[in-house]
Structures are given as structure tokens and as C-alpha cells.
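Next up, entry31.pdb (PDB, N, CA and C atoms):
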```pdb
ATOM      1  N   MET Z   1       7.821  -1.523   6.419
ATOM      2  CA  MET Z   1       7.131  -0.608   5.565
ATOM      3  C   MET Z   1       6.756   0.602   6.407
ATOM      4  N   ARG Z   2       7.033   1.780   5.871
ATOM      5  CA  ARG Z   2       6.726   3.005   6.608
ATOM      6  C   ARG Z   2       5.658   3.793   5.881
ATOM      7  N   LEU Z   3       4.792   4.449   6.653
ATOM      8  CA  LEU Z   3       3.809   5.359   6.082
ATOM      9  C   LEU Z   3       4.409   6.744   6.097
ATOM     10  N   SER Z   4       4.110   7.523   5.073
ATOM     11  CA  SER Z   4       4.612   8.891   5.046
ATOM     12  C   SER Z   4       3.452   9.854   4.932
ATOM     13  N   ARG Z   5       3.710  11.063   5.335
ATOM     14  CA  ARG Z   5       2.733  12.129   5.169
ATOM     15  C   ARG Z   5       3.242  13.014   4.051
ATOM     16  N   LYS Z   6       2.332  13.558   3.263
ATOM     17  CA  LYS Z   6       2.747  14.445   2.189
ATOM     18  C   LYS Z   6       3.380  15.691   2.794
ATOM     19  N   ALA Z   7       4.423  16.146   2.144
ATOM     20  CA  ALA Z   7       5.105  17.348   2.612
ATOM     21  C   ALA Z   7       4.162  18.545   2.480
ATOM     22  N   GLN Z   8       4.263  19.447   3.426
ATOM     23  CA  GLN Z   8       3.471  20.656   3.387
ATOM     24  C   GLN Z   8       4.164  21.663   2.486
ATOM     25  N   ALA Z   9       3.473  22.129   1.486
ATOM     26  CA  ALA Z   9       4.042  23.102   0.558
ATOM     27  C   ALA Z   9       3.560  24.494   0.919
ATOM     28  N   LYS Z  10       4.385  25.466   0.587
ATOM     29  CA  LYS Z  10       3.981  26.859   0.782
ATOM     30  C   LYS Z  10       2.912  27.185  -0.242
ATOM     31  N   PRO Z  11       2.001  28.107   0.094
ATOM     32  CA  PRO Z  11       0.955  28.470  -0.871
ATOM     33  C   PRO Z  11       1.572  28.898  -2.194
ATOM     34  N   GLY Z  12       1.029  28.367  -3.276
ATOM     35  CA  GLY Z  12       1.505  28.715  -4.608
ATOM     36  C   GLY Z  12       2.684  27.882  -5.078
ATOM     37  N   ALA Z  13       3.332  27.144  -4.168
ATOM     38  CA  ALA Z  13       4.481  26.318  -4.549
ATOM     39  C   ALA Z  13       3.989  24.967  -5.035
ATOM     40  N   ARG Z  14       4.723  24.388  -5.967
ATOM     41  CA  ARG Z  14       4.388  23.047  -6.439
ATOM     42  C   ARG Z  14       5.133  22.039  -5.589
ATOM     43  N   CYS Z  15       4.430  21.008  -5.200
ATOM     44  CA  CYS Z  15       5.039  19.977  -4.362
ATOM     45  C   CYS Z  15       4.822  18.635  -5.035
ATOM     46  N   PHE Z  16       5.901  17.957  -5.361
ATOM     47  CA  PHE Z  16       5.818  16.656  -5.987
ATOM     48  C   PHE Z  16       6.356  15.627  -5.014
ATOM     49  N   VAL Z  17       5.483  14.779  -4.519
ATOM     50  CA  VAL Z  17       5.876  13.729  -3.598
ATOM     51  C   VAL Z  17       5.567  12.401  -4.268
ATOM     52  N   LYS Z  18       6.576  11.556  -4.363
ATOM     53  CA  LYS Z  18       6.335  10.236  -4.928
ATOM     54  C   LYS Z  18       5.539   9.436  -3.913
ATOM     55  N   PRO Z  19       4.488   8.762  -4.360
ATOM     56  CA  PRO Z  19       3.684   8.001  -3.396
ATOM     57  C   PRO Z  19       4.419   6.799  -2.816
ATOM     58  N   ILE Z  20       5.411   6.276  -3.552
ATOM     59  CA  ILE Z  20       6.156   5.107  -3.070
ATOM     60  C   ILE Z  20       7.636   5.336  -3.309
ATOM     61  N   GLU Z  21       8.426   5.146  -2.258
ATOM     62  CA  GLU Z  21       9.873   5.293  -2.364
ATOM     63  C   GLU Z  21      10.544   4.156  -1.617
ATOM     64  N   PHE Z  22      11.768   3.872  -2.015
ATOM     65  CA  PHE Z  22      12.571   2.856  -1.346
ATOM     66  C   PHE Z  22      13.736   3.572  -0.679
ATOM     67  N   LEU Z  23      13.760   3.557   0.655
ATOM     68  CA  LEU Z  23      14.785   4.256   1.411
ATOM     69  C   LEU Z  23      15.431   3.314   2.411
ATOM     70  N   ASP Z  24      16.740   3.181   2.322
ATOM     71  CA  ASP Z  24      17.492   2.347   3.268
ATOM     72  C   ASP Z  24      16.902   0.942   3.409
ATOM     73  N   GLY Z  25      16.507   0.346   2.304
ATOM     74  CA  GLY Z  25      15.988  -1.016   2.324
ATOM     75  C   GLY Z  25      14.546  -1.151   2.766
ATOM     76  N   ALA Z  26      13.884  -0.024   3.043
ATOM     77  CA  ALA Z  26      12.486  -0.058   3.474
ATOM     78  C   ALA Z  26      11.604   0.584   2.410
ATOM     79  N   VAL Z  27      10.371   0.145   2.346
ATOM     80  CA  VAL Z  27       9.395   0.734   1.445
ATOM     81  C   VAL Z  27       8.680   1.834   2.211
ATOM     82  N   GLN Z  28       8.630   3.018   1.626
ATOM     83  CA  GLN Z  28       7.896   4.122   2.237
ATOM     84  C   GLN Z  28       6.763   4.478   1.285
ATOM     85  N   ILE Z  29       5.540   4.453   1.794
ATOM     86  CA  ILE Z  29       4.374   4.683   0.945
ATOM     87  C   ILE Z  29       3.467   5.723   1.579
ATOM     88  N   ASP Z  30       2.922   6.584   0.753
ATOM     89  CA  ASP Z  30       2.000   7.611   1.222
ATOM     90  C   ASP Z  30       0.745   6.917   1.753
ATOM     91  N   ALA Z  31       0.379   7.206   2.974
ATOM     92  CA  ALA Z  31      -0.755   6.545   3.621
ATOM     93  C   ALA Z  31      -2.063   6.755   2.872
ATOM     94  N   SER Z  32      -2.195   7.872   2.182
ATOM     95  CA  SER Z  32      -3.445   8.131   1.459
ATOM     96  C   SER Z  32      -3.649   7.128   0.318
ATOM     97  N   VAL Z  33      -2.571   6.606  -0.263
ATOM     98  CA  VAL Z  33      -2.678   5.597  -1.317
ATOM     99  C   VAL Z  33      -3.305   4.323  -0.746
ATOM    100  N   ILE Z  34      -2.850   3.935   0.443
ATOM    101  CA  ILE Z  34      -3.374   2.727   1.088
ATOM    102  C   ILE Z  34      -4.833   2.929   1.499
ATOM    103  N   ALA Z  35      -5.120   4.071   2.122
ATOM    104  CA  ALA Z  35      -6.488   4.350   2.569
ATOM    105  C   ALA Z  35      -7.455   4.308   1.389
ATOM    106  N   GLU Z  36      -7.075   4.933   0.285
ATOM    107  CA  GLU Z  36      -7.934   4.923  -0.901
ATOM    108  C   GLU Z  36      -8.139   3.498  -1.412
ATOM    109  N   GLY Z  37      -7.051   2.726  -1.474
ATOM    110  CA  GLY Z  37      -7.137   1.360  -1.966
ATOM    111  C   GLY Z  37      -7.988   0.457  -1.102
ATOM    112  N   LEU Z  38      -7.983   0.701   0.205
ATOM    113  CA  LEU Z  38      -8.798  -0.099   1.126
ATOM    114  C   LEU Z  38     -10.201   0.473   1.298
ATOM    115  N   GLY Z  39     -10.440   1.645   0.690
ATOM    116  CA  GLY Z  39     -11.774   2.239   0.754
ATOM    117  C   GLY Z  39     -12.137   2.781   2.116
ATOM    118  N   ILE Z  40     -11.128   3.305   2.842
ATOM    119  CA  ILE Z  40     -11.383   3.867   4.174
ATOM    120  C   ILE Z  40     -10.739   5.250   4.273
ATOM    121  N   THR Z  41     -11.094   5.979   5.304
ATOM    122  CA  THR Z  41     -10.513   7.304   5.519
ATOM    123  C   THR Z  41      -9.109   7.179   6.087
ATOM    124  N   LEU Z  42      -8.336   8.217   5.927
ATOM    125  CA  LEU Z  42      -6.970   8.224   6.450
ATOM    126  C   LEU Z  42      -6.925   8.073   7.974
ATOM    127  N   PRO Z  43      -7.777   8.785   8.730
ATOM    128  CA  PRO Z  43      -7.763   8.568  10.189
ATOM    129  C   PRO Z  43      -8.109   7.131  10.578
ATOM    130  N   LEU Z  44      -9.057   6.513   9.863
ATOM    131  CA  LEU Z  44      -9.424   5.129  10.169
ATOM    132  C   LEU Z  44      -8.270   4.189   9.818
ATOM    133  N   LEU Z  45      -7.567   4.457   8.727
ATOM    134  CA  LEU Z  45      -6.400   3.650   8.366
ATOM    135  C   LEU Z  45      -5.380   3.675   9.496
ATOM    136  N   ARG Z  46      -5.045   4.855   9.962
ATOM    137  CA  ARG Z  46      -4.047   4.976  11.041
ATOM    138  C   ARG Z  46      -4.507   4.246  12.302
ATOM    139  N   GLN Z  47      -5.785   4.407  12.651
ATOM    140  CA  GLN Z  47      -6.339   3.744  13.846
ATOM    141  C   GLN Z  47      -6.258   2.225  13.699
ATOM    142  N   GLN Z  48      -6.664   1.706  12.547
ATOM    143  CA  GLN Z  48      -6.669   0.255  12.352
ATOM    144  C   GLN Z  48      -5.259  -0.312  12.245
ATOM    145  N   MET Z  49      -4.324   0.457  11.702
ATOM    146  CA  MET Z  49      -2.940  -0.017  11.639
ATOM    147  C   MET Z  49      -2.347  -0.103  13.049
ATOM    148  N   GLN Z  50      -2.603   0.913  13.856
ATOM    149  CA  GLN Z  50      -2.100   0.901  15.232
ATOM    150  C   GLN Z  50      -2.692  -0.245  16.027
ATOM    151  N   ALA Z  51      -3.917  -0.625  15.717
ATOM    152  CA  ALA Z  51      -4.579  -1.729  16.417
ATOM    153  C   ALA Z  51      -4.206  -3.091  15.826
ATOM    154  N   GLY Z  52      -3.410  -3.090  14.757
ATOM    155  CA  GLY Z  52      -3.015  -4.347  14.125
ATOM    156  C   GLY Z  52      -4.100  -4.963  13.255
ATOM    157  N   GLU Z  53      -5.124  -4.176  12.915
ATOM    158  CA  GLU Z  53      -6.235  -4.673  12.114
ATOM    159  C   GLU Z  53      -5.944  -4.583  10.617
ATOM    160  N   ILE Z  54      -4.939  -3.826  10.238
ATOM    161  CA  ILE Z  54      -4.489  -3.755   8.854
ATOM    162  C   ILE Z  54      -3.063  -4.256   8.833
ATOM    163  N   THR Z  55      -2.814  -5.201   7.971
ATOM    164  CA  THR Z  55      -1.487  -5.784   7.856
ATOM    165  C   THR Z  55      -1.007  -5.636   6.421
ATOM    166  N   SER Z  56       0.279  -5.929   6.211
ATOM    167  CA  SER Z  56       0.835  -5.778   4.869
ATOM    168  C   SER Z  56       1.842  -6.876   4.580
ATOM    169  N   LEU Z  57       2.117  -7.020   3.298
ATOM    170  CA  LEU Z  57       3.090  -7.986   2.819
ATOM    171  C   LEU Z  57       3.839  -7.325   1.669
ATOM    172  N   ALA Z  58       5.164  -7.345   1.718
ATOM    173  CA  ALA Z  58       5.987  -6.798   0.631
ATOM    174  C   ALA Z  58       6.787  -7.933   0.020
ATOM    175  N   GLU Z  59       6.703  -8.055  -1.304
ATOM    176  CA  GLU Z  59       7.417  -9.100  -2.026
ATOM    177  C   GLU Z  59       8.288  -8.454  -3.096
ATOM    178  N   ARG Z  60       9.481  -8.992  -3.275
ATOM    179  CA  ARG Z  60      10.416  -8.489  -4.277
ATOM    180  C   ARG Z  60      10.449  -9.461  -5.447
ATOM    181  N   GLY Z  61      10.327  -8.928  -6.666
ATOM    182  CA  GLY Z  61      10.309  -9.760  -7.857
ATOM    183  C   GLY Z  61      11.654 -10.401  -8.157
ATOM    184  N   THR Z  62      11.620 -11.547  -8.805
ATOM    185  CA  THR Z  62      12.830 -12.245  -9.237
ATOM    186  C   THR Z  62      12.702 -12.566 -10.717
ATOM    187  N   ASP Z  63      13.805 -12.964 -11.319
ATOM    188  CA  ASP Z  63      13.849 -13.370 -12.727
ATOM    189  C   ASP Z  63      13.207 -12.302 -13.610
ATOM    190  N   ALA Z  64      12.135 -12.640 -14.326
ATOM    191  CA  ALA Z  64      11.505 -11.698 -15.249
ATOM    192  C   ALA Z  64      10.905 -10.488 -14.530
ATOM    193  N   ASP Z  65      10.618 -10.625 -13.246
ATOM    194  CA  ASP Z  65      10.042  -9.528 -12.463
ATOM    195  C   ASP Z  65      11.087  -8.802 -11.617
ATOM    196  N   ASN Z  66      12.353  -9.040 -11.869
ATOM    197  CA  ASN Z  66      13.420  -8.386 -11.112
ATOM    198  C   ASN Z  66      13.253  -6.863 -11.190
ATOM    199  N   GLY Z  67      13.361  -6.202 -10.049
ATOM    200  CA  GLY Z  67      13.191  -4.755  -9.981
ATOM    201  C   GLY Z  67      11.773  -4.333  -9.640
ATOM    202  N   ARG Z  68      10.858  -5.260  -9.673
ATOM    203  CA  ARG Z  68       9.469  -4.954  -9.309
ATOM    204  C   ARG Z  68       9.206  -5.383  -7.869
ATOM    205  N   HIS Z  69       8.207  -4.766  -7.286
ATOM    206  CA  HIS Z  69       7.783  -5.080  -5.920
ATOM    207  C   HIS Z  69       6.265  -5.210  -5.915
ATOM    208  N   ARG Z  70       5.764  -6.173  -5.144
ATOM    209  CA  ARG Z  70       4.325  -6.317  -4.954
ATOM    210  C   ARG Z  70       4.042  -5.997  -3.497
ATOM    211  N   LEU Z  71       3.221  -4.993  -3.276
ATOM    212  CA  LEU Z  71       2.855  -4.539  -1.935
ATOM    213  C   LEU Z  71       1.382  -4.838  -1.734
ATOM    214  N   THR Z  72       1.063  -5.614  -0.706
ATOM    215  CA  THR Z  72      -0.316  -6.023  -0.467
ATOM    216  C   THR Z  72      -0.726  -5.589   0.937
ATOM    217  N   PHE Z  73      -1.925  -5.037   1.036
ATOM    218  CA  PHE Z  73      -2.461  -4.550   2.309
ATOM    219  C   PHE Z  73      -3.792  -5.250   2.563
ATOM    220  N   PHE Z  74      -3.979  -5.682   3.799
ATOM    221  CA  PHE Z  74      -5.164  -6.454   4.173
ATOM    222  C   PHE Z  74      -5.919  -5.745   5.295
ATOM    223  N   SER Z  75      -7.228  -5.627   5.119
ATOM    224  CA  SER Z  75      -8.100  -5.206   6.213
ATOM    225  C   SER Z  75      -9.028  -6.392   6.477
ATOM    226  N   ALA Z  76      -9.986  -6.218   7.327
ATOM    227  CA  ALA Z  76     -10.873  -7.335   7.676
ATOM    228  C   ALA Z  76     -11.647  -7.865   6.466
ATOM    229  N   HIS Z  77     -11.986  -6.964   5.533
ATOM    230  CA  HIS Z  77     -12.869  -7.363   4.434
ATOM    231  C   HIS Z  77     -12.320  -7.034   3.045
ATOM    232  N   ARG Z  78     -11.094  -6.517   2.978
ATOM    233  CA  ARG Z  78     -10.577  -6.051   1.689
ATOM    234  C   ARG Z  78      -9.082  -6.318   1.566
ATOM    235  N   ARG Z  79      -8.659  -6.630   0.328
ATOM    236  CA  ARG Z  79      -7.236  -6.750   0.016
ATOM    237  C   ARG Z  79      -6.919  -5.734  -1.075
ATOM    238  N   PHE Z  80      -5.871  -4.961  -0.863
ATOM    239  CA  PHE Z  80      -5.418  -3.964  -1.832
ATOM    240  C   PHE Z  80      -3.994  -4.299  -2.212
ATOM    241  N   ARG Z  81      -3.721  -4.355  -3.517
ATOM    242  CA  ARG Z  81      -2.395  -4.761  -3.983
ATOM    243  C   ARG Z  81      -1.857  -3.775  -5.014
ATOM    244  N   LEU Z  82      -0.576  -3.450  -4.866
ATOM    245  CA  LEU Z  82       0.136  -2.607  -5.823
ATOM    246  C   LEU Z  82       1.328  -3.368  -6.359
ATOM    247  N   VAL Z  83       1.607  -3.211  -7.643
ATOM    248  CA  VAL Z  83       2.853  -3.673  -8.232
ATOM    249  C   VAL Z  83       3.570  -2.406  -8.675
ATOM    250  N   VAL Z  84       4.809  -2.240  -8.216
ATOM    251  CA  VAL Z  84       5.573  -1.029  -8.531
ATOM    252  C   VAL Z  84       6.925  -1.409  -9.121
ATOM    253  N   ASP Z  85       7.496  -0.474  -9.887
ATOM    254  CA  ASP Z  85       8.819  -0.723 -10.444
ATOM    255  C   ASP Z  85       9.891  -0.238  -9.470
ATOM    256  N   ALA Z  86      11.142  -0.358  -9.853
ATOM    257  CA  ALA Z  86      12.269  -0.032  -8.964
ATOM    258  C   ALA Z  86      12.291   1.437  -8.555
ATOM    259  N   GLU Z  87      11.671   2.309  -9.348
ATOM    260  CA  GLU Z  87      11.621   3.734  -9.017
ATOM    261  C   GLU Z  87      10.388   4.099  -8.194
ATOM    262  N   GLY Z  88       9.505   3.142  -7.946
ATOM    263  CA  GLY Z  88       8.308   3.393  -7.156
ATOM    264  C   GLY Z  88       7.082   3.773  -7.973
ATOM    265  N   ALA Z  89       7.195   3.705  -9.299
ATOM    266  CA  ALA Z  89       6.029   3.997 -10.140
ATOM    267  C   ALA Z  89       5.050   2.829 -10.068
ATOM    268  N   ILE Z  90       3.786   3.144  -9.926
ATOM    269  CA  ILE Z  90       2.756   2.113  -9.839
ATOM    270  C   ILE Z  90       2.488   1.558 -11.236
ATOM    271  N   ILE Z  91       2.676   0.257 -11.383
ATOM    272  CA  ILE Z  91       2.444  -0.431 -12.648
ATOM    273  C   ILE Z  91       1.036  -1.006 -12.685
ATOM    274  N   GLN Z  92       0.607  -1.523 -11.534
ATOM    275  CA  GLN Z  92      -0.708  -2.165 -11.464
ATOM    276  C   GLN Z  92      -1.264  -1.995 -10.066
ATOM    277  N   ARG Z  93      -2.573  -1.844  -9.971
ATOM    278  CA  ARG Z  93      -3.255  -1.817  -8.679
ATOM    279  C   ARG Z  93      -4.531  -2.627  -8.789
ATOM    280  N   SER Z  94      -4.861  -3.310  -7.702
ATOM    281  CA  SER Z  94      -6.091  -4.103  -7.693
ATOM    282  C   SER Z  94      -6.613  -4.184  -6.274
ATOM    283  N   ALA Z  95      -7.897  -4.442  -6.159
ATOM    284  CA  ALA Z  95      -8.523  -4.586  -4.840
ATOM    285  C   ALA Z  95      -9.592  -5.673  -4.915
ATOM    286  N   LEU Z  96      -9.677  -6.432  -3.859
ATOM    287  CA  LEU Z  96     -10.752  -7.405  -3.677
ATOM    288  C   LEU Z  96     -11.552  -6.957  -2.465
ATOM    289  N   ASP Z  97     -12.847  -6.850  -2.632
ATOM    290  CA  ASP Z  97     -13.722  -6.422  -1.540
ATOM    291  C   ASP Z  97     -14.737  -7.524  -1.286
ATOM    292  N   PHE Z  98     -14.764  -8.036  -0.064
ATOM    293  CA  PHE Z  98     -15.671  -9.120   0.289
ATOM    294  C   PHE Z  98     -16.885  -8.618   1.073
ATOM    295  N   GLY Z  99     -17.139  -7.318   0.996
ATOM    296  CA  GLY Z  99     -18.322  -6.746   1.646
ATOM    297  C   GLY Z  99     -18.319  -7.013   3.137
ATOM    298  N   ASN Z 100     -19.355  -7.654   3.630
ATOM    299  CA  ASN Z 100     -19.465  -7.949   5.064
ATOM    300  C   ASN Z 100     -18.805  -9.259   5.464
ATOM    301  N   SER Z 101     -18.335 -10.018   4.479
ATOM    302  CA  SER Z 101     -17.682 -11.299   4.768
ATOM    303  C   SER Z 101     -16.194 -11.079   5.021
ATOM    304  N   PRO Z 102     -15.612 -11.859   5.913
ATOM    305  CA  PRO Z 102     -14.175 -11.724   6.157
ATOM    306  C   PRO Z 102     -13.368 -12.243   4.966
ATOM    307  N   LEU Z 103     -12.145 -11.753   4.832
ATOM    308  CA  LEU Z 103     -11.261 -12.247   3.776
ATOM    309  C   LEU Z 103     -10.981 -13.722   3.994
ATOM    310  N   PRO Z 104     -11.086 -14.522   2.940
ATOM    311  CA  PRO Z 104     -10.708 -15.939   3.073
ATOM    312  C   PRO Z 104      -9.193 -16.041   3.324
ATOM    313  N   LYS Z 105      -8.771 -17.065   4.024
ATOM    314  CA  LYS Z 105      -7.343 -17.255   4.303
ATOM    315  C   LYS Z 105      -6.539 -17.358   3.029
ATOM    316  N   SER Z 106      -7.098 -17.920   1.974
ATOM    317  CA  SER Z 106      -6.369 -18.082   0.717
ATOM    318  C   SER Z 106      -5.998 -16.732   0.093
ATOM    319  N   VAL Z 107      -6.740 -15.681   0.386
ATOM    320  CA  VAL Z 107      -6.477 -14.340  -0.152
ATOM    321  C   VAL Z 107      -5.287 -13.706   0.562
ATOM    322  N   ARG Z 108      -4.967 -14.147   1.745
ATOM    323  CA  ARG Z 108      -3.872 -13.564   2.531
ATOM    324  C   ARG Z 108      -2.507 -14.174   2.229
ATOM    325  N   LYS Z 109      -2.454 -15.117   1.321
ATOM    326  CA  LYS Z 109      -1.187 -15.784   0.996
ATOM    327  C   LYS Z 109      -0.423 -14.988  -0.055
ATOM    328  N   PRO Z 110       0.918 -15.073  -0.039
ATOM    329  CA  PRO Z 110       1.718 -14.420  -1.088
ATOM    330  C   PRO Z 110       1.352 -14.973  -2.456
ATOM    331  N   GLY Z 111       1.649 -14.157  -3.478
ATOM    332  CA  GLY Z 111       1.429 -14.607  -4.861
ATOM    333  C   GLY Z 111       0.085 -14.364  -5.274
TER     334      GLY Z 111
END
```
Structure re-expressed in C-alpha cells:
Amino acid sequence: MRLSRKAQAKPGARCFVKPIEFLDGAVQIDASVIAEGLGITLPLLRQQMQAGEITSLAERGTDADNGRHRLTFFSAHRRFRLVVDAEGAIIQRSALDFGNSPLPKSVRKPG
């Protein structure tokens, strides 16, 4: 999974960047989407990802969910999940926040 930065647009120009794209078999997601979902700032997201404190899980749908992807991001106290279609449109988003308590191991499992 790769993080992307929004393209810099010239003043007055419209810039449309899809927050989630599938390129060469990899999921590319705008980092600001993850930061917002985890309730942290973008600089803190980058710092915690580099330190291995934020992890992710990407799952591909089968059968009735074929073409969908579930992307889950974990921090010490929060889980953020997106369900997207084959074009990268967000179908569903959810977050679990455990406040000062650590995420239970059961929350880190697929499904």
C-alpha cells in the first residue's frame, strides 16, 4: 500500500485527485484520508507509519463482494476501515476508537 500526496495545482486550476487508486497491483491512498480516519494530523501519521506504529491490512472481496476492497488501518488506540469499489470510490467508512485503552487483539483480525 502506498501513500500519495495530492498534486499541486496552479492557482485557479481545478485539481481532481482520487483518494484511492489501484496501480500496478498496489493500492495507492491519499494519506490525508488515513490521517482523518485515525483522528491524527498528517505529520503524525507519517511519523507513526515510519516508526511502524500504524499498520494496515488490505483485503480483496470474493463472490458477492468481487471487485470490492476492504482497507483497514490500525494505530495504538484506533481502527479505521474503508470499503471501496473497483474504481476506488469509497462505499463505506468506519472507525473504532478505544480512547486511552489499546486496541484488543480481536479488532486487528481480518473480517
Might you pull out every residue within 12 Å of Gly52 of chain Z, with only C-alpha atoms counted and same-chain residues fewer than 3 positions away left off, and present them as a PyMOL selection string?
chain Z and resi 45-49+55-56+73-76
Using DSSP on the backbone, list every residue of chain Z that comes out as strand (DSSP E), and give them as a PyMOL selection string.
chain Z and resi 2-4+20-23+26-30+55-60+69-74+78-84+90-97
Which of Z:Pro102, Z:Val84, Z:Gln28, Z:Leu38 sits closest to Gly61 of chain Z [using only C-alpha atoms]:
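Smallest distance to Gly61 of chain Z is found for Z:Val84.
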Under the rule that only C-alpha atoms are counted, which of Z:Ser101, Z:Glu87, Z:Arg79, Z:His69 is the nearest residue to Ala35 of chain Z?
Z:Arg79
Mind giving me the straight-line distance from atom CA of Val107 of chain Z to atom CA of Arg81 of chain Z in Å, one decimal?
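Answer for the atom CA of Val107 of chain Z to atom CA of Arg81 of chain Z separation: 11.1 Å.
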I would like the residues chosen by the PyMOL selection byres (((chain Z and resi 20 and name CA) around 8) and name CA) on the shown file; could you give them as a list in words?
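Listing what the PyMOL selection byres (((chain Z and resi 20 and name CA) around 8) and name CA) selects in the shown file: Lys18, Pro19, Glu21, Phe22, Val27, Gln28, Ile29, Asp30, Gly88 and Ala89 of chain Z.
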Point-to-point distance in Å for atom C of Leu71 of chain Z and atom CA of Asp85 of chain Z:
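Separation between atom CA of Asp85 of chain Z and atom C of Leu71 of chain Z: 12.2 Å.
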Atom C of Asp24 of chain Z and atom CA of Leu57 of chain Z, how far apart in Å?
16.5 Å
Spatial neighbours of Phe80 of chain Z, max dist 5 Å, all atoms listed in the file, sep filter under 2 positions, as a list in words:
Thr72, Phe73, Arg78, Leu82, Ser94 and Ala95 of chain Z
Let me know the centre plus edge lengths, in Å and rounded to one decimal, of a box with edges along x, y and z that contains all listed atoms of segment 44-63 of chain Z and is padded by 6 Å on every side, as JSON.
```
{"center_x": 2.2, "center_y": -3.4, "center_z": 1.4, "size_x": 35.3, "size_y": 31.9, "size_z": 42.0}
```
